[in-house]
Amino acid sequence: MKILVCISNVPDTTTKIAFTNDNTQFSTAGVQFVLNPYDEIALSRAIELCEGGKGTVTVLHVGEASSEPTIRKALAIGADDAIRVNAIPRDAYFVAHQIATYAKGKGFDLILTGRESIDYNGSQVAAMVGEFLDIPSISIIKKLDFDGTTAAVQREIEGGKEVLNTPTPLVASCAEGVAEPKIPNMRGIMSARTKPLQVIDPVELPQLLTFKKFTTPAPRGTVEMVPAEDITKLVNLLHTEAKVI
Amino acid sequence: MSVLVYVENVGGKFKKSTFEVVSYSKAIADKLNTELVAISIGDVAQEDLSSLGKYGATKVLHITSEKLKSFINQAYASVIAEAAKSVHATAIVLANSFSGKGLAPRIAVKLEAGLADGAVELPNIENGLFSIKKTAFSGKAFALVEISSAIKVITLNPNSYPIKESGTSATVEKFDTENKETDFRTIIKEIVRATDKISLPEAERVVSAGRGLKGPENWGMIEELANVLGAATACSKPVSDAGWRPHEEHVGQTGIAISPNLYIAVGISGAIQHLAGVSSSKTIVVINKDPEAPFFKVADYGIVGDAFEVVPKLTEALKAYKAGH
C-alpha cells in the first residue's frame, strides 16, 4: 500500500494574527509555524494503516525551504520519505495542481490531506486533486479504513454522518476522529534527519485568484455584566436590545 | 450569460442555507444585470422547485435519476458543471456546507474557475473581476480575494447573508446530461441523520459548554436550555478530546467555525483557539464563575456565577418569557 499525505506549514493555533505591508501580507514576525493540526491527523492515520510493513507513507509539501522543519517533523512522526515542491503555495488551485502532477502515475492508493489548513481555511485541495486526477474525493472524513482494495470512510454531513465505500485510488480530507495525532519519539526524531527529502520544481499554471488584502474582525463593544440573581434582565436584553429571541 | 446557483436539498427539502444562497446569488445576478438560474439534483417536489422564484431565481433546472438520488460529489460536480455550460454561467454559487466543500473545488477545476470559499459578503464586481471577503485564519481574520478567471465559483458561509424575497415563482425545466460511469465509483452504505437535532453550522442559536461542566453527565441542563431556545448544542475542544461530547460538536479553530445570531458559552474560559471559531457570532453570552475568564472580553453579555445555578434559572426565565409571548 502506498499513501501520500499532503502537509502544510501554518501558524501555531495560539498565534495572534497580524498583517504588514498595508495589510497585504500575513506578519510572520515572532510566529511559530507548525504542521497543520488536521494534516497531523491524516499523517497519523496513514502511519497506522502502514504499520508492520504493510506500506509506505510519503509526505508532500508545497512550500519554500523555510518549511523544512515541518517536513522533518512529519518524517519524525513516521513518514518514510518526503517531497517538497519548491514554490510559494499561492492558492489551493496551484497547490492541488502540484500535488496531482506529482502523484500521477505513481500508484498511490490513498492521497490524504487535512480537512483544511488553519490559515487559509480553503478545504479545497483534496477535492481539486481528485478532479485533476479524475478519481473519487471525499471531503471531511471522520473515519478511514482500508483493506487493500476498498476504502471504508465515514463523512460528516449536516446533522449526521454518512458511511461510504470507495475503490482506490481515493483522495480524502481528514478531520478529528480519523486518528489521534502521533507524537514523534526520540528514535523518530533521530531517523528523520537521514530520511530522503527530495526537492522538485513546480509546474507553472495561470493564476485564477489573488489574495489582495486582509482585515481583522472589528472589536466588539464592551460587555454588559448581568447579576446572576437577575436572570430576567438577561432575557429582556436578549429580546429588546440584541433582538435574538 | 447568467448566474447559476446550486440548490442543495436534504431528504428532498431545501434548507435555510439554500434560501440564503439563492438570495445572495440573486443580488450577484442583479449586479451583473443578468438572470439567476438554479440547478437542483435529486427528488424535490415541483412546488418547492418553483417556489425558489420567491428568492429571485427565474428558472430552475432539475435533474433526477436512480443514481443521482444520493449525493456523490463527483457525479454532482459533473452535472453542475454541465448545467453551468448550458446556461453560459459566469458565476456559480453554492452553500459552504459539507456537501458544498466537496463539490465546489471539483467544479472549479472542471471550469478552470477561481474559487472563493466561505464568502461572507457580496462580491465587488469591476471590469470582470470579483473581489470577495472570506473568512481566513479560522475566523481570526478576513481575506479579500480577487477572482480573475472568466468563470467564478463562490461558496457562501451559512448565516452570512439574509434571506430576501424578491420574485414570484420560477419556471421549472428538466435538465438532461449523461454522467460518466466512473463518476459513480463511490457507494453510499448508510446515512445516519438525527432528524431531531439542529445542524450546528447552520444553527441560528447555539448553546455551548466547556470543562466547567465537570463531566458528561451534566449536559442535561445544556440540552434543556438549547431546547427552549431551539438551539444546537456545541462544546469546547477539551470536552470533545475527553470524549464527553462527540467531535462534531467541537467549535473553535480546529473544529467547526460558526456564526449564529446567539452563542451562549457556559463554563468555557475562552482560549484564543476557541474564540477563533465563534467570534463572528452576532451576540455572545458568557456564563462563567471566574470573573477573569478571557471570554468576557469578547462577550456582549456576561454573568459571573455557577453554571449549575445560572443555567437552570435561565432556562426557567426563557420558558416564562416564551409563555408570555
# chains A, B, ... in the order shown; residues from 1 in each chain; ligands from 1
call {"tool": "residues_around", "arguments": {"residues": "range 85-102 of chain B", "least_positions_apart": "5", "cutoff": "8 Å", "atoms": "only C-alpha atoms", "output": "PyMOL selection string"}}
result
(chain A and resi 123-124+127+137-140+156-158) or (chain B and resi 1-8+17-18+21+25+37+73+117-118+150-158+201)
call {"tool": "write_last_selection", "arguments": {"atoms": "N, CA and C atoms", "output": "compact mmCIF listing (two decimals), in the first residue's frame"}}
result
# COMPACT_ATOMS: atom_id res chain seq x y z
N SER A 123 -10.29 24.31 2.54
CA SER A 123 -10.83 22.94 2.37
C SER A 123 -11.11 22.64 0.91
N GLN A 124 -10.20 23.04 0.03
CA GLN A 124 -10.38 22.85 -1.41
C GLN A 124 -9.45 21.80 -1.99
N ALA A 127 -10.46 17.84 -2.89
CA ALA A 127 -11.41 17.65 -3.98
C ALA A 127 -10.81 18.10 -5.32
N SER A 137 -13.11 11.75 -4.54
CA SER A 137 -12.60 12.52 -3.41
C SER A 137 -13.70 12.59 -2.37
N ILE A 138 -13.34 12.50 -1.12
CA ILE A 138 -14.33 12.66 -0.06
C ILE A 138 -13.79 13.69 0.92
N SER A 139 -14.58 14.73 1.13
CA SER A 139 -14.12 15.82 1.98
C SER A 139 -14.65 15.64 3.41
N ILE A 140 -13.80 15.98 4.36
CA ILE A 140 -14.14 15.99 5.79
C ILE A 140 -14.59 14.61 6.26
N GLU A 156 -18.71 13.50 7.50
CA GLU A 156 -19.66 14.31 8.26
C GLU A 156 -20.66 14.93 7.29
N ILE A 157 -21.93 14.91 7.64
CA ILE A 157 -22.95 15.62 6.88
C ILE A 157 -23.77 16.44 7.86
N GLU A 158 -24.58 17.37 7.38
CA GLU A 158 -25.38 18.19 8.26
C GLU A 158 -26.25 17.29 9.15
N MET B 1 -25.45 34.78 -20.93
CA MET B 1 -24.83 34.93 -19.62
C MET B 1 -25.88 34.71 -18.52
N SER B 2 -25.43 34.18 -17.39
CA SER B 2 -26.33 34.00 -16.25
C SER B 2 -25.49 33.72 -15.00
N VAL B 3 -26.19 33.68 -13.87
CA VAL B 3 -25.58 33.20 -12.63
C VAL B 3 -26.28 31.89 -12.30
N LEU B 4 -25.49 30.87 -11.94
CA LEU B 4 -26.07 29.57 -11.60
C LEU B 4 -25.90 29.32 -10.10
N VAL B 5 -26.98 28.91 -9.46
CA VAL B 5 -26.88 28.58 -8.04
C VAL B 5 -27.28 27.12 -7.85
N TYR B 6 -26.46 26.39 -7.08
CA TYR B 6 -26.80 25.00 -6.78
C TYR B 6 -27.66 24.98 -5.53
N VAL B 7 -28.88 24.42 -5.67
CA VAL B 7 -29.81 24.40 -4.53
C VAL B 7 -29.82 23.01 -3.90
N GLU B 8 -29.09 22.94 -2.77
CA GLU B 8 -28.91 21.67 -2.08
C GLU B 8 -30.19 21.30 -1.34
N SER B 17 -30.13 27.44 4.47
CA SER B 17 -28.93 27.90 3.78
C SER B 17 -29.14 27.94 2.27
N THR B 18 -30.07 27.12 1.77
CA THR B 18 -30.37 27.14 0.34
C THR B 18 -31.04 28.46 -0.03
N VAL B 21 -28.48 31.22 -0.02
CA VAL B 21 -27.58 31.20 -1.17
C VAL B 21 -28.32 31.65 -2.44
N SER B 25 -27.23 34.90 -4.53
CA SER B 25 -26.96 34.77 -5.97
C SER B 25 -27.79 35.75 -6.77
N VAL B 37 -30.30 31.38 -12.51
CA VAL B 37 -30.81 30.04 -12.78
C VAL B 37 -30.39 29.13 -11.63
N ASN B 73 -20.34 13.35 -4.76
CA ASN B 73 -19.84 14.67 -5.17
C ASN B 73 -19.28 14.68 -6.58
N ASP B 117 -13.95 30.48 -1.32
CA ASP B 117 -14.74 29.65 -0.41
C ASP B 117 -15.03 30.42 0.86
N GLY B 118 -16.19 30.18 1.43
CA GLY B 118 -16.51 30.82 2.71
C GLY B 118 -16.71 32.32 2.58
N ALA B 150 -12.40 33.72 -16.10
CA ALA B 150 -13.64 34.08 -16.80
C ALA B 150 -14.85 33.62 -16.00
N ILE B 151 -14.78 32.40 -15.44
CA ILE B 151 -15.87 31.87 -14.64
C ILE B 151 -15.45 31.91 -13.17
N LYS B 152 -16.41 32.28 -12.31
CA LYS B 152 -16.11 32.38 -10.88
C LYS B 152 -16.96 31.38 -10.11
N VAL B 153 -16.37 30.75 -9.12
CA VAL B 153 -17.13 29.87 -8.23
C VAL B 153 -17.04 30.45 -6.81
N ILE B 154 -18.18 30.53 -6.14
CA ILE B 154 -18.22 31.10 -4.79
C ILE B 154 -19.00 30.14 -3.88
N THR B 155 -18.48 29.91 -2.68
CA THR B 155 -19.32 29.24 -1.68
C THR B 155 -19.60 30.24 -0.56
N LEU B 156 -20.86 30.28 -0.13
CA LEU B 156 -21.31 31.26 0.85
C LEU B 156 -21.43 30.61 2.23
N ASN B 157 -20.83 31.25 3.23
CA ASN B 157 -20.94 30.74 4.60
C ASN B 157 -22.38 30.82 5.10
N PRO B 158 -22.84 29.83 5.86
CA PRO B 158 -24.18 29.92 6.44
C PRO B 158 -24.29 31.12 7.38
N PRO B 201 -23.53 23.92 11.99
CA PRO B 201 -23.02 25.02 11.17
C PRO B 201 -24.10 26.01 10.74
call {"tool": "residues_around", "arguments": {"residues": "range 41-52 of chain A", "least_positions_apart": "5", "cutoff": "12 Å", "atoms": "only C-alpha atoms", "output": "count of residues only"}}
result
58
call {"tool": "closest_residue", "arguments": {"among": "B:Ser259, B:Ser279, B:Ser160, B:Thr168", "to": "chain A", "atoms": "only C-alpha atoms"}}
result
B:Ser279
call {"tool": "select_by_dssp", "arguments": {"residues": "range 18-266 of chain B", "states": "alpha helix (DSSP H)", "output": "VMD selection string"}}
result
chain B and resid 18 to 31 46 to 50 73 to 86 98 to 110 220 to 229 237 to 241
call {"tool": "atom_distance", "arguments": {"atom1": "CA of Lys237 in chain B", "atom2": "CA of Ala218 in chain A"}}
result
25.0 Å
call {"tool": "interface_residues", "arguments": {"of": "chain B", "to": "chain A", "cutoff": "7 Å", "atoms": "only C-alpha atoms", "output": "compact mmCIF listing (two decimals) with N, CA, C and O atoms, in the first residue's frame"}}
result
# COMPACT_ATOMS: atom_id res chain seq x y z
N GLN B 74 -18.61 13.56 -6.99
CA GLN B 74 -18.01 13.51 -8.32
C GLN B 74 -19.09 13.65 -9.40
O GLN B 74 -18.94 14.40 -10.37
N PHE B 98 -21.12 20.99 4.14
CA PHE B 98 -20.27 19.81 3.99
C PHE B 98 -20.28 19.33 2.54
O PHE B 98 -19.25 18.97 1.99
N LYS B 101 -18.45 21.85 0.16
CA LYS B 101 -16.99 21.77 0.23
C LYS B 101 -16.44 20.65 -0.65
O LYS B 101 -15.30 20.71 -1.10
N GLY B 102 -17.25 19.61 -0.85
CA GLY B 102 -16.80 18.50 -1.70
C GLY B 102 -17.08 18.74 -3.17
O GLY B 102 -16.52 18.06 -4.03
N PRO B 105 -14.76 22.68 -5.25
CA PRO B 105 -13.42 22.57 -5.82
C PRO B 105 -13.39 21.76 -7.12
O PRO B 105 -12.65 22.08 -8.03
N ARG B 106 -14.22 20.71 -7.19
CA ARG B 106 -14.24 19.89 -8.41
C ARG B 106 -14.82 20.70 -9.57
O ARG B 106 -14.33 20.63 -10.70
N VAL B 109 -12.23 23.20 -10.86
CA VAL B 109 -11.21 22.59 -11.73
C VAL B 109 -11.79 22.29 -13.11
O VAL B 109 -11.17 22.56 -14.14
N ALA B 113 -11.97 27.65 -13.11
CA ALA B 113 -12.51 28.84 -12.46
C ALA B 113 -11.84 29.07 -11.11
O ALA B 113 -11.51 28.12 -10.41
N GLY B 114 -11.63 30.33 -10.76
CA GLY B 114 -11.15 30.66 -9.43
C GLY B 114 -12.27 30.42 -8.43
O GLY B 114 -13.44 30.64 -8.73
N ASP B 117 -13.95 30.48 -1.32
CA ASP B 117 -14.74 29.65 -0.41
C ASP B 117 -15.03 30.42 0.86
O ASP B 117 -14.22 31.23 1.29
N ALA B 136 -10.69 33.82 7.02
CA ALA B 136 -9.34 33.26 6.97
C ALA B 136 -8.82 33.14 8.39
O ALA B 136 -9.40 33.71 9.31
N PHE B 137 -7.76 32.40 8.54
CA PHE B 137 -7.16 32.17 9.85
C PHE B 137 -8.23 31.78 10.87
O PHE B 137 -8.29 32.30 11.99
N SER B 138 -9.10 30.87 10.45
CA SER B 138 -10.12 30.29 11.32
C SER B 138 -10.92 31.34 12.06
O SER B 138 -11.15 31.24 13.25
N LYS B 140 -10.05 34.35 12.73
CA LYS B 140 -9.26 35.40 13.36
C LYS B 140 -9.09 36.58 12.40
O LYS B 140 -8.61 37.64 12.79
N ALA B 141 -9.38 36.38 11.12
CA ALA B 141 -9.22 37.45 10.13
C ALA B 141 -10.13 37.20 8.94
O ALA B 141 -10.77 36.15 8.83
N PHE B 142 -10.18 38.20 8.06
CA PHE B 142 -10.86 38.04 6.78
C PHE B 142 -9.85 38.31 5.68
O PHE B 142 -8.92 39.10 5.87
N ALA B 143 -10.04 37.65 4.54
CA ALA B 143 -9.18 37.93 3.39
C ALA B 143 -10.06 38.48 2.28
O ALA B 143 -11.22 38.09 2.13
N LEU B 144 -9.48 39.41 1.52
CA LEU B 144 -10.17 39.90 0.33
C LEU B 144 -9.48 39.22 -0.85
O LEU B 144 -8.30 39.42 -1.09
N VAL B 145 -10.23 38.36 -1.55
CA VAL B 145 -9.63 37.67 -2.69
C VAL B 145 -10.23 38.20 -3.98
O VAL B 145 -11.39 38.62 -4.01
N GLU B 146 -9.41 38.21 -5.01
CA GLU B 146 -9.87 38.69 -6.30
C GLU B 146 -9.83 37.54 -7.29
O GLU B 146 -8.79 36.92 -7.49
N ILE B 147 -10.97 37.25 -7.88
CA ILE B 147 -11.01 36.18 -8.88
C ILE B 147 -10.92 36.82 -10.26
O ILE B 147 -11.71 37.71 -10.60
N SER B 148 -9.96 36.34 -11.05
CA SER B 148 -9.73 36.95 -12.36
C SER B 148 -10.07 36.01 -13.51
O SER B 148 -10.00 36.40 -14.67
N SER B 149 -10.44 34.76 -13.21
CA SER B 149 -10.79 33.82 -14.28
C SER B 149 -12.12 34.23 -14.91
O SER B 149 -12.90 34.96 -14.30
N ARG B 185 -18.15 5.82 -8.70
CA ARG B 185 -17.37 4.76 -8.06
C ARG B 185 -17.62 4.69 -6.55
O ARG B 185 -17.48 3.65 -5.94
N THR B 186 -18.00 5.82 -5.96
CA THR B 186 -18.26 5.84 -4.52
C THR B 186 -19.65 5.27 -4.24
O THR B 186 -20.61 5.59 -4.93
N ILE B 187 -19.71 4.39 -3.25
CA ILE B 187 -21.01 3.79 -2.91
C ILE B 187 -21.38 4.18 -1.48
O ILE B 187 -20.60 4.01 -0.55
N ILE B 188 -22.59 4.72 -1.35
CA ILE B 188 -23.04 5.10 -0.01
C ILE B 188 -23.68 3.89 0.65
O ILE B 188 -24.60 3.28 0.13
N LYS B 189 -23.16 3.54 1.82
CA LYS B 189 -23.65 2.35 2.52
C LYS B 189 -24.74 2.71 3.50
O LYS B 189 -25.66 1.95 3.73
N GLU B 190 -24.62 3.86 4.09
CA GLU B 190 -25.54 4.18 5.18
C GLU B 190 -25.52 5.68 5.46
O GLU B 190 -24.47 6.31 5.39
N ILE B 191 -26.69 6.23 5.73
CA ILE B 191 -26.76 7.62 6.16
C ILE B 191 -27.45 7.65 7.51
O ILE B 191 -28.54 7.12 7.67
N VAL B 192 -26.77 8.19 8.49
CA VAL B 192 -27.35 8.28 9.83
C VAL B 192 -27.57 9.75 10.12
O VAL B 192 -26.62 10.53 10.21
N ARG B 193 -28.82 10.15 10.25
CA ARG B 193 -29.10 11.55 10.50
C ARG B 193 -30.05 11.65 11.67
O ARG B 193 -31.11 11.05 11.66
N ALA B 194 -29.63 12.41 12.66
CA ALA B 194 -30.53 12.64 13.80
C ALA B 194 -31.49 13.74 13.38
O ALA B 194 -31.12 14.89 13.31
N LYS B 197 -32.22 16.80 15.64
CA LYS B 197 -31.14 17.70 16.04
C LYS B 197 -30.96 18.83 15.05
O LYS B 197 -31.09 18.64 13.84
N ILE B 198 -30.65 20.01 15.56
CA ILE B 198 -30.41 21.16 14.69
C ILE B 198 -28.96 21.12 14.24
O ILE B 198 -28.06 20.92 15.04
N SER B 199 -28.76 21.27 12.93
CA SER B 199 -27.42 21.21 12.38
C SER B 199 -26.58 22.39 12.87
O SER B 199 -26.98 23.55 12.74
N HIS B 247 -17.02 14.64 18.52
CA HIS B 247 -16.16 15.61 17.82
C HIS B 247 -16.96 16.62 17.00
O HIS B 247 -16.57 17.76 16.87
N ASN B 261 -26.72 33.78 15.37
CA ASN B 261 -27.17 35.05 15.92
C ASN B 261 -26.91 35.13 17.42
O ASN B 261 -26.65 36.18 17.97
N LEU B 262 -27.03 33.98 18.07
CA LEU B 262 -26.85 33.93 19.53
C LEU B 262 -25.96 32.75 19.90
O LEU B 262 -26.24 31.61 19.51
N ILE B 272 -7.84 31.49 22.90
CA ILE B 272 -7.81 32.11 21.57
C ILE B 272 -8.29 31.13 20.49
O ILE B 272 -8.97 31.52 19.55
N GLN B 273 -7.96 29.84 20.65
CA GLN B 273 -8.38 28.86 19.64
C GLN B 273 -9.90 28.69 19.62
O GLN B 273 -10.48 28.42 18.59
N THR B 283 -24.38 37.78 18.66
CA THR B 283 -24.49 38.09 20.08
C THR B 283 -23.87 36.94 20.89
O THR B 283 -24.20 35.78 20.66
N PHE B 296 -15.05 36.88 28.67
CA PHE B 296 -15.88 38.06 28.97
C PHE B 296 -15.48 39.27 28.11
O PHE B 296 -16.28 40.13 27.80
N LYS B 297 -14.17 39.31 27.72
CA LYS B 297 -13.67 40.47 26.95
C LYS B 297 -14.31 40.56 25.57
O LYS B 297 -14.34 41.61 24.96
N VAL B 298 -14.77 39.43 25.03
CA VAL B 298 -15.36 39.48 23.67
C VAL B 298 -16.87 39.21 23.73
O VAL B 298 -17.51 39.06 22.70
N ALA B 299 -17.43 39.16 24.95
CA ALA B 299 -18.85 38.86 25.07
C ALA B 299 -19.68 40.13 24.98
O ALA B 299 -19.17 41.24 25.16
N ASP B 300 -20.96 39.98 24.65
CA ASP B 300 -21.88 41.11 24.69
C ASP B 300 -22.53 41.19 26.07
O ASP B 300 -22.75 42.26 26.60
N TYR B 301 -22.87 40.02 26.60
CA TYR B 301 -23.46 39.95 27.93
C TYR B 301 -22.73 38.88 28.73
O TYR B 301 -22.37 37.83 28.20
N GLY B 302 -22.52 39.18 30.00
CA GLY B 302 -21.81 38.22 30.83
C GLY B 302 -22.49 38.03 32.17
O GLY B 302 -23.10 38.96 32.71
N ILE B 303 -22.40 36.80 32.66
CA ILE B 303 -22.90 36.52 34.00
C ILE B 303 -21.80 35.78 34.74
O ILE B 303 -21.32 34.73 34.27
N VAL B 304 -21.38 36.34 35.87
CA VAL B 304 -20.43 35.62 36.71
C VAL B 304 -21.24 34.80 37.69
O VAL B 304 -22.03 35.35 38.47
N GLY B 305 -21.10 33.51 37.59
CA GLY B 305 -21.87 32.68 38.51
C GLY B 305 -21.67 31.20 38.22
O GLY B 305 -21.04 30.83 37.22
N VAL B 310 -26.99 29.03 37.42
CA VAL B 310 -27.42 30.02 36.43
C VAL B 310 -28.18 29.38 35.28
O VAL B 310 -29.22 29.89 34.86
N LYS B 313 -31.79 28.41 35.93
CA LYS B 313 -32.58 29.63 36.14
C LYS B 313 -32.85 30.32 34.81
O LYS B 313 -33.95 30.83 34.56
N LEU B 314 -31.85 30.31 33.93
CA LEU B 314 -32.01 30.92 32.61
C LEU B 314 -33.06 30.16 31.80
O LEU B 314 -33.90 30.75 31.13
N ALA B 317 -36.40 31.14 33.10
CA ALA B 317 -36.75 32.51 32.71
C ALA B 317 -37.16 32.56 31.24
O ALA B 317 -38.07 33.30 30.87
N LEU B 318 -36.47 31.77 30.40
CA LEU B 318 -36.81 31.74 28.98
C LEU B 318 -38.17 31.09 28.75
O LEU B 318 -38.94 31.51 27.89
call {"tool": "residues_around", "arguments": {"residues": "Val239 in chain B", "least_positions_apart": "5", "cutoff": "9 Å", "atoms": "only C-alpha atoms", "output": "PyMOL selection string"}}
result
chain B and resi 209-211+215-216+244-247+250
call {"tool": "closest_residue", "arguments": {"among": "B:Ile256, B:Leu61, B:Ala84, B:Ala307", "to": "Val44 in chain B", "atoms": "only C-alpha atoms"}}
result
B:Leu61
call {"tool": "select_by_dssp", "arguments": {"residues": "range 92-146 of chain B", "states": "strand (DSSP E)", "output": "list in words"}}
result
Ile92, Val93, Leu94, Ala95, Gly114, Leu115, Ala116, Asp117, Gly118, Ala119, Asn124, Ile125, Glu126, Leu129, Phe130, Ser131, Ile132, Lys133, Lys134, Thr135, Ala136, Ala141, Phe142, Ala143, Leu144, Val145 and Glu146 of chain B
call {"tool": "atom_distance", "arguments": {"atom1": "CA of Ala87 in chain A", "atom2": "CA of Ala119 in chain B"}}
result
26.5 Å
